[in-house]
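So this block is data_4.txt, compact mmCIF, C-alpha atoms and all ligand atoms:
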# COMPACT_ATOMS: atom_id res chain seq x y z
CA MET A 1 4.08 61.14 -104.57
CA VAL A 2 5.23 58.88 -101.74
CA VAL A 3 7.61 55.96 -102.18
CA ASN A 4 8.33 53.02 -99.90
CA CYS A 5 11.63 51.22 -99.26
CA GLU A 6 11.13 48.64 -101.97
CA GLN A 7 10.50 51.29 -104.58
CA VAL A 8 13.66 53.04 -103.48
CA TRP A 9 15.70 49.84 -103.84
CA HIS A 10 14.34 49.48 -107.32
CA GLU A 11 15.18 53.01 -108.40
CA VAL A 12 18.34 53.70 -106.43
CA SER A 13 20.68 52.96 -109.35
CA ASP A 14 18.84 55.29 -111.74
CA TYR A 15 18.67 57.85 -108.96
CA LEU A 16 22.42 57.75 -108.63
CA ASP A 17 22.82 58.25 -112.38
CA GLY A 18 20.40 61.16 -112.39
CA GLU A 19 17.98 59.18 -114.53
CA VAL A 20 14.80 59.58 -112.52
CA GLY A 21 12.17 62.21 -113.18
CA VAL A 22 11.74 65.32 -111.09
CA GLU A 23 8.73 64.04 -109.18
CA LEU A 24 10.23 60.66 -108.34
CA ARG A 25 13.48 62.28 -107.31
CA ALA A 26 11.67 64.56 -104.89
CA ALA A 27 9.77 61.62 -103.41
CA MET A 28 12.97 59.63 -103.04
CA ASP A 29 14.77 62.55 -101.42
CA GLU A 30 11.93 62.78 -98.96
CA HIS A 31 12.14 59.06 -98.16
CA LEU A 32 15.93 59.06 -97.91
CA ARG A 33 15.87 61.87 -95.39
CA ALA A 34 13.75 59.80 -93.07
CA CYS A 35 14.92 56.24 -93.74
CA LYS A 36 18.32 55.20 -92.35
CA GLY A 37 18.26 51.88 -94.19
CA CYS A 38 17.73 53.36 -97.62
CA SER A 39 20.20 56.20 -97.11
CA SER A 40 22.79 53.64 -96.04
CA LEU A 41 22.01 51.62 -99.16
CA LEU A 42 22.49 54.68 -101.31
CA ALA A 43 25.75 55.57 -99.56
CA GLY A 44 27.06 52.05 -100.11
CA MET A 45 26.13 52.07 -103.76
CA ARG A 46 27.64 55.47 -104.32
CA ASN A 47 30.81 54.22 -102.66
CA VAL A 48 30.91 51.16 -104.93
CA VAL A 49 30.45 53.21 -108.08
CA SER A 50 33.13 55.72 -107.18
CA LEU A 51 35.67 53.07 -106.16
CA TYR A 52 35.30 50.94 -109.27
CA GLY A 53 35.13 54.01 -111.46
CA ASP A 54 38.52 55.15 -110.22
CA GLU A 55 41.37 55.21 -112.70
CA ARG A 56 43.44 53.16 -110.26
CA MET A 57 41.19 50.17 -110.80
CA VAL A 58 42.31 50.03 -114.41
CA GLU A 59 45.62 48.22 -114.50
CA ALA A 60 47.57 46.37 -117.14
CA PRO A 61 50.44 43.94 -116.56
CA LEU A 62 54.05 45.00 -116.56
CA GLY A 63 55.31 45.38 -120.10
CA PHE A 64 51.86 45.46 -121.67
CA SER A 65 52.48 48.71 -123.56
CA TYR A 66 55.82 47.58 -124.77
CA ARG A 67 54.57 44.28 -126.15
CA LEU A 68 51.62 46.03 -127.74
CA GLN A 69 53.85 48.54 -129.49
CA ARG A 70 56.04 45.76 -130.85
CA ARG A 71 53.00 43.99 -132.19
CA LEU A 72 51.72 47.15 -133.84
CA GLU A 73 55.13 47.76 -135.28
CA GLU A 74 55.17 44.32 -136.87
CA ASN A 75 51.81 44.93 -138.39
CA SER A 76 52.35 48.38 -139.78
CA HIS A 77 55.88 47.79 -141.07
CA PRO A 78 56.33 44.12 -141.85
CA THR A 79 59.51 44.73 -143.82
CA ARG A 80 61.19 46.69 -141.06
CA ARG A 81 60.54 44.01 -138.51
CA THR A 82 63.87 42.30 -138.33
CA PHE A 83 65.97 45.38 -138.17
CA PHE A 84 63.74 47.13 -135.70
CA GLY A 85 63.45 44.12 -133.48
CA TRP A 86 67.15 43.59 -133.48
CA ALA A 87 67.87 47.20 -132.62
CA VAL A 88 65.47 46.98 -129.72
CA ALA A 89 67.06 43.81 -128.42
CA ALA A 90 70.45 45.39 -128.56
CA ALA A 91 69.46 48.69 -127.03
CA ALA A 92 66.90 47.77 -124.41
CA THR A 93 68.44 46.43 -121.30
CA VAL A 94 65.73 47.37 -118.84
CA LEU A 95 62.78 47.39 -121.21
CA VAL A 96 62.63 43.67 -120.96
CA ALA A 97 59.09 43.01 -121.93
CA GLY A 98 59.08 40.01 -124.21
CA SER A 99 60.75 41.34 -127.30
CA PHE A 100 59.81 38.03 -128.82
CA GLU A 101 60.08 39.11 -132.37
CA ALA A 102 63.51 40.56 -131.80
CA ALA A 103 64.64 37.50 -130.01
CA ARG A 104 63.36 35.16 -132.62
CA SER A 105 65.12 36.89 -135.48
CA TYR A 106 68.31 37.00 -133.52
CA GLY A 107 68.16 33.44 -132.33
CA LEU A 108 67.14 31.77 -135.56
CA GLY A 109 69.71 29.44 -136.94
CA ARG A 110 72.18 30.23 -134.21
CA THR A 111 73.65 27.81 -131.79
CA PRO A 112 73.03 29.00 -128.25
CA ARG A 113 76.28 30.35 -126.84
CA SER A 114 75.94 28.95 -123.40
CA ALA A 115 77.51 25.58 -122.93
CA HIS A 116 74.95 24.96 -120.22
CA ALA A 117 71.94 25.44 -122.42
CA GLN A 118 69.53 22.56 -122.12
CA ALA A 119 68.69 20.39 -125.08
CA GLY A 120 65.66 21.74 -126.89
CA ASN A 121 66.24 25.15 -125.36
CA HIS A 122 66.55 27.83 -128.03
CA VAL A 123 66.20 30.87 -125.85
CA PRO A 124 68.32 33.60 -127.46
CA PRO A 125 71.25 34.28 -125.12
CA ASP A 126 70.83 38.04 -125.24
CA LEU A 127 67.10 38.06 -124.63
CA MET A 128 66.40 40.11 -121.53
CA VAL A 129 64.40 38.08 -119.05
CA LEU A 130 63.24 38.46 -115.46
CA VAL A 131 64.30 36.47 -112.43
CA TYR A 132 63.60 36.72 -108.72
CA PRO A 133 65.62 35.35 -105.82
CA GLU A 134 63.30 32.55 -104.71
CA GLY A 135 62.41 31.46 -108.23
CA LYS A 136 63.80 28.61 -110.27
CA THR A 137 62.63 29.88 -113.64
CA PHE A 138 63.13 32.98 -115.74
CA HIS A 139 60.29 34.80 -117.44
CA ALA A 140 59.21 37.37 -119.98
CA ALA A 141 57.65 40.46 -118.42
CA GLY A 142 53.98 40.09 -117.73
CA CYS A 143 54.09 36.32 -117.40
CA PRO A 144 51.29 35.28 -115.03
CA PHE A 145 53.62 32.77 -113.40
CA ILE A 146 55.84 35.42 -111.91
CA LEU A 147 55.12 35.02 -108.22
CA ASP A 148 57.31 37.66 -106.68
CA LYS A 149 56.79 40.86 -108.63
CA LYS A 150 58.59 43.00 -106.06
CA ASN A 151 62.07 41.56 -106.38
CA LEU A 152 62.31 41.14 -110.13
CA ARG A 153 65.68 41.61 -111.72
CA PRO A 154 66.25 41.93 -115.47
CA VAL A 155 69.09 39.85 -116.81
CA ALA A 156 70.20 38.36 -120.14
CA ALA A 157 68.87 34.84 -120.66
CA GLN A 158 72.40 33.52 -120.96
CA GLU A 159 73.29 34.94 -117.56
CA ALA A 160 70.07 33.66 -116.01
CA GLN A 161 70.89 30.16 -117.22
CA ARG A 162 74.40 30.40 -115.87
CA GLU A 163 72.90 31.26 -112.51
CA GLY A 164 70.86 28.10 -112.68
CA TYR A 165 67.49 29.46 -113.75
CA VAL A 166 65.55 27.48 -116.33
CA PRO A 167 63.09 28.90 -118.88
CA CYS A 168 59.46 29.16 -117.82
CA VAL A 169 57.54 26.61 -119.85
CA ARG A 170 54.71 29.02 -120.33
CA CYS A 171 56.16 32.35 -121.43
CA MET A 172 59.29 30.87 -123.05
CA LYS A 173 57.32 28.17 -124.80
CA GLN A 174 58.19 29.34 -128.27
CA TYR A 175 61.90 28.75 -127.62
CA LEU A 176 61.48 25.26 -126.26
CA SER A 177 61.06 22.18 -128.35
CA MET B 1 35.75 59.40 -112.12
CA PRO B 2 37.99 60.21 -115.07
CA GLU B 3 35.30 60.54 -117.72
CA SER B 4 33.29 63.07 -115.80
CA ALA B 5 36.47 64.98 -115.08
CA THR B 6 37.01 65.22 -118.82
CA PRO B 7 33.68 66.26 -120.28
CA LEU B 8 32.70 64.85 -123.62
CA GLY B 9 32.92 68.16 -125.32
CA HIS B 10 36.50 68.90 -124.30
CA PRO B 11 37.53 70.68 -127.49
CA ALA B 12 41.31 70.35 -127.45
CA ARG B 13 41.22 66.62 -126.93
CA GLN B 14 38.52 66.00 -129.48
CA THR B 15 40.23 68.01 -132.15
CA SER B 16 43.57 66.32 -131.75
CA GLU B 17 41.96 62.90 -131.59
CA ALA B 18 39.91 63.48 -134.73
CA GLU B 19 43.04 64.78 -136.37
CA LEU B 20 44.95 61.67 -135.38
CA VAL B 21 42.22 59.41 -136.70
CA ARG B 22 42.28 61.22 -140.02
CA ARG B 23 46.05 61.04 -140.33
CA VAL B 24 46.20 57.35 -139.48
CA ARG B 25 43.51 56.73 -142.03
CA ASP B 26 45.53 58.65 -144.59
CA GLY B 27 48.47 56.35 -144.11
CA GLU B 28 50.48 57.68 -141.17
CA HIS B 29 50.41 54.33 -139.47
CA ASP B 30 53.05 55.30 -136.94
CA LEU B 31 50.54 57.63 -135.30
CA PHE B 32 48.12 54.86 -134.44
CA TYR B 33 49.77 54.05 -131.15
CA GLU B 34 49.57 57.73 -130.22
CA LEU B 35 45.86 57.54 -130.85
CA ILE B 36 45.16 54.50 -128.69
CA ARG B 37 47.71 55.14 -125.96
CA PRO B 38 45.32 56.97 -123.62
CA TYR B 39 43.01 53.94 -123.73
CA GLU B 40 45.31 50.94 -123.84
CA ARG B 41 44.90 50.09 -120.17
CA ARG B 42 41.15 50.41 -120.46
CA VAL B 43 41.14 48.02 -123.39
CA TYR B 44 43.10 45.52 -121.33
CA SER B 45 40.90 45.89 -118.30
CA ALA B 46 37.72 45.47 -120.34
CA ALA B 47 39.09 42.23 -121.76
CA PHE B 48 40.24 41.12 -118.34
CA ALA B 49 36.84 41.73 -116.77
CA ILE B 50 35.32 39.33 -119.27
CA LEU B 51 38.03 36.69 -119.51
CA ARG B 52 39.34 36.91 -115.92
CA ASN B 53 42.79 35.70 -116.91
CA THR B 54 45.78 37.93 -117.53
CA ALA B 55 47.32 36.05 -120.44
CA ASP B 56 44.02 35.69 -122.32
CA ALA B 57 43.11 39.30 -121.61
CA GLU B 58 46.40 40.59 -122.97
CA ASP B 59 46.02 38.53 -126.08
CA ALA B 60 42.47 39.68 -126.65
CA ALA B 61 43.41 43.30 -125.98
CA GLN B 62 46.25 43.20 -128.49
CA GLU B 63 44.06 41.55 -131.05
CA ALA B 64 41.30 44.11 -130.52
CA ILE B 65 43.72 46.99 -130.96
CA LEU B 66 45.06 45.43 -134.15
CA LYS B 67 41.53 45.05 -135.43
CA ALA B 68 40.85 48.70 -134.65
CA PHE B 69 43.94 49.57 -136.66
CA LYS B 70 42.89 47.45 -139.62
CA HIS B 71 39.33 48.72 -139.58
CA ILE B 72 39.94 52.34 -138.73
CA ARG B 73 38.04 53.33 -141.85
CA GLN B 74 34.89 51.93 -140.30
CA PHE B 75 35.08 54.31 -137.37
CA ARG B 76 32.33 56.90 -137.61
CA GLU B 77 33.55 60.32 -136.65
CA GLU B 78 30.47 61.23 -134.66
CA ALA B 79 31.17 58.39 -132.21
CA ARG B 80 33.65 58.53 -129.36
CA PHE B 81 36.85 56.80 -130.33
CA SER B 82 37.34 55.32 -126.88
CA THR B 83 33.87 53.78 -126.95
CA TRP B 84 34.45 52.29 -130.36
CA LEU B 85 37.71 50.79 -129.17
CA ILE B 86 36.18 49.36 -126.00
CA GLN B 87 33.35 47.85 -128.02
CA ILE B 88 35.83 46.04 -130.24
CA ALA B 89 37.67 44.76 -127.18
CA VAL B 90 34.47 43.53 -125.58
CA ASN B 91 33.46 41.72 -128.75
CA GLU B 92 36.86 40.12 -129.06
CA ALA B 93 36.84 38.96 -125.45
CA ARG B 94 33.30 37.62 -125.62
CA MET B 95 34.08 35.75 -128.81
CA ARG B 96 37.04 34.07 -127.13
CA ARG B 97 35.02 33.22 -124.07
CA ARG B 98 32.35 31.61 -126.20
CA LYS B 99 35.00 29.51 -127.93
CA ASP B 100 36.43 28.40 -124.60
CA HIS B 101 33.11 27.52 -123.06
CA ALA B 102 31.15 26.42 -126.06
CA ASP B 103 30.54 23.04 -124.51
CA LEU B 104 29.73 24.25 -121.02
CA MET B 105 26.33 25.01 -119.63
CA GLU B 106 25.69 28.51 -118.56
CA PRO B 107 26.22 28.61 -114.81
CA ILE B 108 23.09 29.07 -112.76
CA ALA B 109 24.33 32.36 -111.39
CA ASP B 110 24.47 33.71 -114.91
CA ARG B 111 20.92 32.93 -115.86
CA PRO B 112 18.90 36.05 -116.18
CA ASP B 113 16.72 36.40 -113.15
CA GLU B 114 15.75 39.97 -113.43
CA SER B 115 12.30 39.83 -111.98
CA GLY B 116 13.26 38.49 -108.56
CA VAL B 117 12.70 40.67 -105.55
CA TYR B 118 15.82 42.00 -103.95
CA THR B 119 16.15 42.59 -100.26
CA PRO B 120 19.29 44.42 -99.20
CA ARG B 121 21.38 42.91 -96.48
CA ASP B 122 20.96 44.49 -93.13
CA PHE B 123 24.23 46.03 -92.06
CA ALA B 124 25.24 46.57 -88.48
CA ASP B 125 27.65 49.27 -89.49
CA TRP B 126 28.26 50.36 -93.03
CA ARG B 127 31.64 51.99 -93.46
CA GLU B 128 32.68 54.10 -96.34
CA ILE B 129 35.79 52.85 -98.14
CA PRO B 130 37.76 56.00 -98.94
CA SER B 131 39.24 56.24 -102.39
CA GLU B 132 42.75 56.55 -100.92
CA ALA B 133 42.36 52.90 -99.97
CA LEU B 134 42.84 52.16 -103.68
CA GLU B 135 46.52 52.91 -103.23
CA ARG B 136 46.70 49.56 -101.53
CA LYS B 137 47.10 46.61 -103.81
CA GLU B 138 45.23 44.29 -101.45
CA ILE B 139 42.18 46.55 -101.65
CA ARG B 140 42.26 46.63 -105.43
CA GLU B 141 42.57 42.87 -105.45
CA LYS B 142 39.62 42.45 -103.10
CA LEU B 143 37.50 44.68 -105.29
CA ALA B 144 38.54 42.75 -108.37
CA GLU B 145 37.69 39.50 -106.60
CA ALA B 146 34.23 40.72 -105.65
CA LEU B 147 33.63 41.79 -109.23
CA ALA B 148 34.88 38.48 -110.61
CA SER B 149 32.38 36.63 -108.43
CA LEU B 150 29.38 38.23 -110.15
CA GLY B 151 27.53 36.36 -112.85
CA GLU B 152 28.77 37.43 -116.23
CA ILE B 153 25.64 39.22 -117.38
CA TYR B 154 25.96 41.52 -114.37
CA ARG B 155 29.71 41.85 -114.55
CA GLU B 156 29.70 42.92 -118.19
CA VAL B 157 27.16 45.67 -117.70
CA PHE B 158 28.89 46.95 -114.59
CA VAL B 159 32.30 47.00 -116.22
CA LEU B 160 31.12 48.89 -119.28
CA ARG B 161 29.00 51.39 -117.43
CA ASP B 162 30.87 52.00 -114.19
CA MET B 163 34.47 51.17 -115.03
CA GLN B 164 34.65 52.07 -118.70
CA HIS B 165 32.19 54.91 -118.31
CA LEU B 166 30.09 54.09 -121.33
CA SER B 167 26.57 55.51 -121.31
CA ILE B 168 23.75 53.12 -120.53
CA GLU B 169 22.74 53.21 -124.21
CA GLU B 170 26.27 52.43 -125.39
CA THR B 171 26.46 49.63 -122.84
CA ALA B 172 23.21 48.14 -124.06
CA GLU B 173 24.28 48.45 -127.68
CA THR B 174 27.65 46.79 -127.05
CA LEU B 175 26.05 43.84 -125.30
CA GLU B 176 23.13 43.68 -127.71
CA ILE B 177 20.52 43.97 -125.02
CA SER B 178 17.75 46.49 -124.39
CA THR B 179 18.39 49.64 -122.39
CA ALA B 180 15.84 48.50 -119.81
CA SER B 181 17.67 45.22 -119.40
CA ALA B 182 21.01 47.00 -119.07
CA LYS B 183 19.57 49.19 -116.32
CA THR B 184 18.14 46.24 -114.42
CA ARG B 185 21.43 44.36 -114.58
CA LEU B 186 23.35 47.42 -113.54
CA LEU B 187 21.12 47.89 -110.51
CA ARG B 188 21.65 44.26 -109.53
CA ALA B 189 25.40 44.40 -110.05
CA ARG B 190 25.75 47.52 -107.93
CA LEU B 191 23.60 46.07 -105.17
CA MET B 192 25.49 42.78 -105.15
CA LEU B 193 28.84 44.54 -104.99
CA ARG B 194 27.64 46.72 -102.20
CA ASP B 195 26.58 43.62 -100.29
CA LEU B 196 29.88 41.88 -101.01
CA LEU B 197 31.95 44.80 -99.83
CA ALA B 198 30.03 45.42 -96.65
CA PRO B 199 31.91 44.69 -93.45
CA GLY B 200 31.34 41.33 -91.89
CA LEU B 201 29.12 40.07 -94.68
CA GLY B 202 30.98 38.22 -97.40
CA GLY B 203 33.71 40.75 -96.79
CA PRO B 204 35.24 40.02 -93.38
CA TRP B 205 38.47 41.54 -94.67
CA MET B 206 36.89 44.94 -94.29
CA SER B 207 36.68 44.72 -90.52
CA ARG B 208 40.45 44.56 -90.28
CA LEU B 209 40.71 47.96 -91.84
CA SER B 210 40.18 51.00 -89.75
CA PHE B 211 38.02 53.25 -91.85
CA GLU B 212 35.93 56.02 -90.51
CA LYS B 213 32.39 55.15 -89.80
CA GLY B 214 30.06 56.34 -92.49
CA ALA B 215 26.31 56.10 -92.45
CA LYS B 216 24.66 54.96 -89.26
CA PRO B 217 23.38 51.40 -88.78
CA TRP B 218 20.01 50.33 -90.10
ZN ZN C 1 13.58 53.06 -96.89
ZN ZN C 2 56.87 32.69 -117.33

What's the structure tokens form of this structure?
Amino acid sequence: MVVNCEQVWHEVSDYLDGEVGVELRAAMDEHLRACKGCSSLLAGMRNVVSLYGDERMVEAPLGFSYRLQRRLEENSHPTRRTFFGWAVAAAATVLVAGSFEAARSYGLGRTPRSAHAQAGNHVPPDLMVLVYPEGKTFHAAGCPFILDKKNLRPVAAQEAQREGYVPCVRCMKQYLS
Amino acid sequence: MPESATPLGHPARQTSEAELVRRVRDGEHDLFYELIRPYERRVYSAAFAILRNTADAEDAAQEAILKAFKHIRQFREEARFSTWLIQIAVNEARMRRRKDHADLMEPIADRPDESGVYTPRDFADWREIPSEALERKEIREKLAEALASLGEIYREVFVLRDMQHLSIEETAETLEISTASAKTRLLRARLMLRDLLAPGLGGPWMSRLSFEKGAKPW
């Protein structure tokens, strides 16, 4: 069997996955040894597959695991929610990641402590949020509107507001009315 | 290539995973996170590849994982748990995308054109991108950008097969297409990405990087 370039282009993906028959594979090997163009094509494709297949290409946003665990917690133990959430809010100072549920139960029916709180702003004062030096807003972890991920600093919402930061309209939406 | 590094038949992992599934099913709900933890980032990235937006992807990923929890009884033990989970995530993300774009026409780039003849671009000098380059955020972002520019029918197949390491049959099944069609789309996706990432052609960024020269010019 002899194959030409076009046949190689057509089969190169299956070849890479080891999904071509013995005879075709031998013919392709033969062609690839002689043809610079096709061997370069194969090298490029192999490179693409190994790069994208790398574990490092699989990323999730900051705080993803944390928020997921909270959500699972709510769903598997609905009755424990308030207590658990509250405990987390009290204990976690660095594990910022939108402890929304915690914050909500804490903030409900309470007057915000900060005298500077804006009207319609019900962000719980103890909610841990993220700020960065050049920003004007504070965020929950993982908010897509965080522009400077390198210089993030966790801080209580109350403190952030005292420093002049205002809540992000996107990730803090549930606390704004 | 994580999946090939951990062969399917790895006994320790399979046993403990099957054990976890059984215990969750029997009411030990606290163990569910333990079960999905090795795959949570993959679930997110599968959703992201389809929705191409971090907030939507996180939402879809969470929802998919909750659905897996609620429907754990439907999981068949002979299947791979990770595959089952990824399939749920893909369905969730596709459902959301359909809702968002219900009124839009399918972009031209997404229309199946699987019979067309492909001619590879002619490269002056193809350079291998070493995997260490993935340590650099800018490289990962460029790769993600190239992937995001593919038509969705190609992107989906590529993501499931080459990033999530599903088999070609599982990929086809998840997307409800034939195996032949999945293979054709995969070929196209890989070729397009290779073209996009080649130096000087759609990827001028590459020429700034000093990688060793790989294969010789055409
Ligand atoms: Zn050739
Ligand atoms: Zn925000």

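Atom CA of B:Val43 is positioned 9.0 Å from atom CA of B:Gln164.
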
Could the residues of chain A that have an atom at most 12 Å from ligand ZN 2 (chain C) be listed as a Markdown table, each with its closest atom pair and the distance in Å to one decimal, counting all atoms listed in the file and ordered by chain and ascending residue number?
| residue | atom | partner | partner_atom | distance |
| --- | --- | --- | --- | --- |
| A:Ala97 | CA | C:ZN2 | ZN | 11.5 |
| A:Gly98 | CA | C:ZN2 | ZN | 10.3 |
| A:Val129 | CA | C:ZN2 | ZN | 9.4 |
| A:Leu130 | CA | C:ZN2 | ZN | 8.8 |
| A:Val131 | CA | C:ZN2 | ZN | 9.7 |
| A:Tyr132 | CA | C:ZN2 | ZN | 11.6 |
| A:Gly135 | CA | C:ZN2 | ZN | 10.7 |
| A:Lys136 | CA | C:ZN2 | ZN | 10.7 |
| A:Thr137 | CA | C:ZN2 | ZN | 7.4 |
| A:Phe138 | CA | C:ZN2 | ZN | 6.5 |
| A:His139 | CA | C:ZN2 | ZN | 4.0 |
| A:Ala140 | CA | C:ZN2 | ZN | 5.9 |
| A:Ala141 | CA | C:ZN2 | ZN | 7.9 |
| A:Gly142 | CA | C:ZN2 | ZN | 8.0 |
| A:Cys143 | CA | C:ZN2 | ZN | 4.6 |
| A:Pro144 | CA | C:ZN2 | ZN | 6.6 |
| A:Phe145 | CA | C:ZN2 | ZN | 5.1 |
| A:Ile146 | CA | C:ZN2 | ZN | 6.2 |
| A:Leu147 | CA | C:ZN2 | ZN | 9.6 |
| A:Asp148 | CA | C:ZN2 | ZN | 11.8 |
| A:Lys149 | CA | C:ZN2 | ZN | 11.9 |
| A:Tyr165 | CA | C:ZN2 | ZN | 11.7 |
| A:Val166 | CA | C:ZN2 | ZN | 10.2 |
| A:Pro167 | CA | C:ZN2 | ZN | 7.4 |
| A:Cys168 | CA | C:ZN2 | ZN | 4.4 |
| A:Val169 | CA | C:ZN2 | ZN | 6.6 |
| A:Arg170 | CA | C:ZN2 | ZN | 5.2 |
| A:Cys171 | CA | C:ZN2 | ZN | 4.2 |
| A:Met172 | CA | C:ZN2 | ZN | 6.5 |
| A:Lys173 | CA | C:ZN2 | ZN | 8.7 |
| A:Gln174 | CA | C:ZN2 | ZN | 11.5 |

Stretch 180-190 of chain B surroundings by all atoms listed in the file, 8 Å radius, close-in-sequence under 6 positions cut, as a PyMOL selection string: (chain A and resi 10+12-14+45+48-49) or (chain B and resi 114+150+153-155+157-158+161+168+171-172)

Could you check which of A:Pro133, A:Ser39, A:Val123, A:Gln158 is closest to chain B, using all atoms listed in the file? A:Ser39

Using only C-alpha atoms and all ligand atoms, which residues have at least one atom no more than 8 Å from ligand ZN 1 (chain C)? Output them as a list in words. Asn4, Cys5, Glu6, Val8, Trp9, His31, Leu32, Ala34, Cys35, Lys36, Gly37, Cys38 and Ser39 of chain A

Only residues of chain B matter here; which ones have an atom within 7 Å of chain A, counting only C-alpha atoms? Give them as a PyMOL selection string. chain B and resi 1-2+29+41-42+44-45+54-55+62+66+128-129+131+134+140+162-163+187+190-191+193-194+215+218

If you measure from atom CA of B:Glu141 to atom CA of B:Ala198, what distance in Å do you get, rounded to one decimal?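 It comes out at 15.5 Å.
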
Contacts of A:Met1 within 9 Å, only C-alpha atoms, excl. fewer than 3 positions in-chain, as a VMD selection string: chain A and resid 23 to 24 26 to 27

When you draw a straight line from atom CA of B:Ala57 to atom CA of B:Ala93, how long is it in Å?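 Separation of atom CA of B:Ala57 and atom CA of B:Ala93: 7.4 Å.
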
Give the answer as one residue: which of A:Glu134, A:Tyr66, A:Met28, A:Val155 has the shortest atom-to-atom distance to B:Glu40, using all atoms listed in the file?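 Answer, going by the shortest atom-to-atom distance: A:Tyr66.
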
Completed stretch 157-162 of chain A (all heavy atoms) as a compact mmCIF listing (two decimals), keeping the file's coordinate frame:
# COMPACT_ATOMS: atom_id res chain seq x y z
N ALA A 157 69.24 36.25 -120.82
CA ALA A 157 68.87 34.84 -120.66
C ALA A 157 70.10 33.96 -120.40
O ALA A 157 70.07 33.06 -119.55
CB ALA A 157 68.13 34.35 -121.91
N GLN A 158 71.16 34.28 -121.11
CA GLN A 158 72.40 33.52 -120.96
C GLN A 158 72.89 33.55 -119.51
O GLN A 158 73.27 32.53 -118.93
CB GLN A 158 73.45 34.20 -121.85
CG GLN A 158 74.78 33.53 -121.90
CD GLN A 158 75.75 34.35 -122.77
OE1 GLN A 158 75.61 35.56 -122.92
NE2 GLN A 158 76.72 33.67 -123.34
N GLU A 159 72.85 34.75 -118.94
CA GLU A 159 73.29 34.94 -117.56
C GLU A 159 72.36 34.20 -116.59
O GLU A 159 72.81 33.55 -115.65
CB GLU A 159 73.34 36.44 -117.26
CG GLU A 159 73.97 36.81 -115.92
CD GLU A 159 75.35 36.20 -115.72
OE1 GLU A 159 76.12 36.09 -116.71
OE2 GLU A 159 75.65 35.80 -114.59
N ALA A 160 71.06 34.33 -116.87
CA ALA A 160 70.07 33.66 -116.01
C ALA A 160 70.34 32.16 -115.98
O ALA A 160 70.29 31.52 -114.94
CB ALA A 160 68.66 33.95 -116.52
N GLN A 161 70.66 31.60 -117.15
CA GLN A 161 70.89 30.16 -117.22
C GLN A 161 72.18 29.77 -116.49
O GLN A 161 72.25 28.73 -115.85
CB GLN A 161 70.95 29.71 -118.68
CG GLN A 161 69.69 30.14 -119.42
CD GLN A 161 69.30 29.26 -120.58
OE1 GLN A 161 69.40 28.04 -120.50
NE2 GLN A 161 68.84 29.87 -121.64
N ARG A 162 73.16 30.66 -116.59
CA ARG A 162 74.40 30.40 -115.87
C ARG A 162 74.15 30.37 -114.36
O ARG A 162 74.80 29.63 -113.63
CB ARG A 162 75.45 31.48 -116.20
CG ARG A 162 76.74 30.88 -116.75
CD ARG A 162 77.92 31.83 -116.66
NE ARG A 162 77.70 33.12 -117.31
CZ ARG A 162 77.97 33.37 -118.60
NH1 ARG A 162 78.48 32.42 -119.37
NH2 ARG A 162 77.76 34.55 -119.11
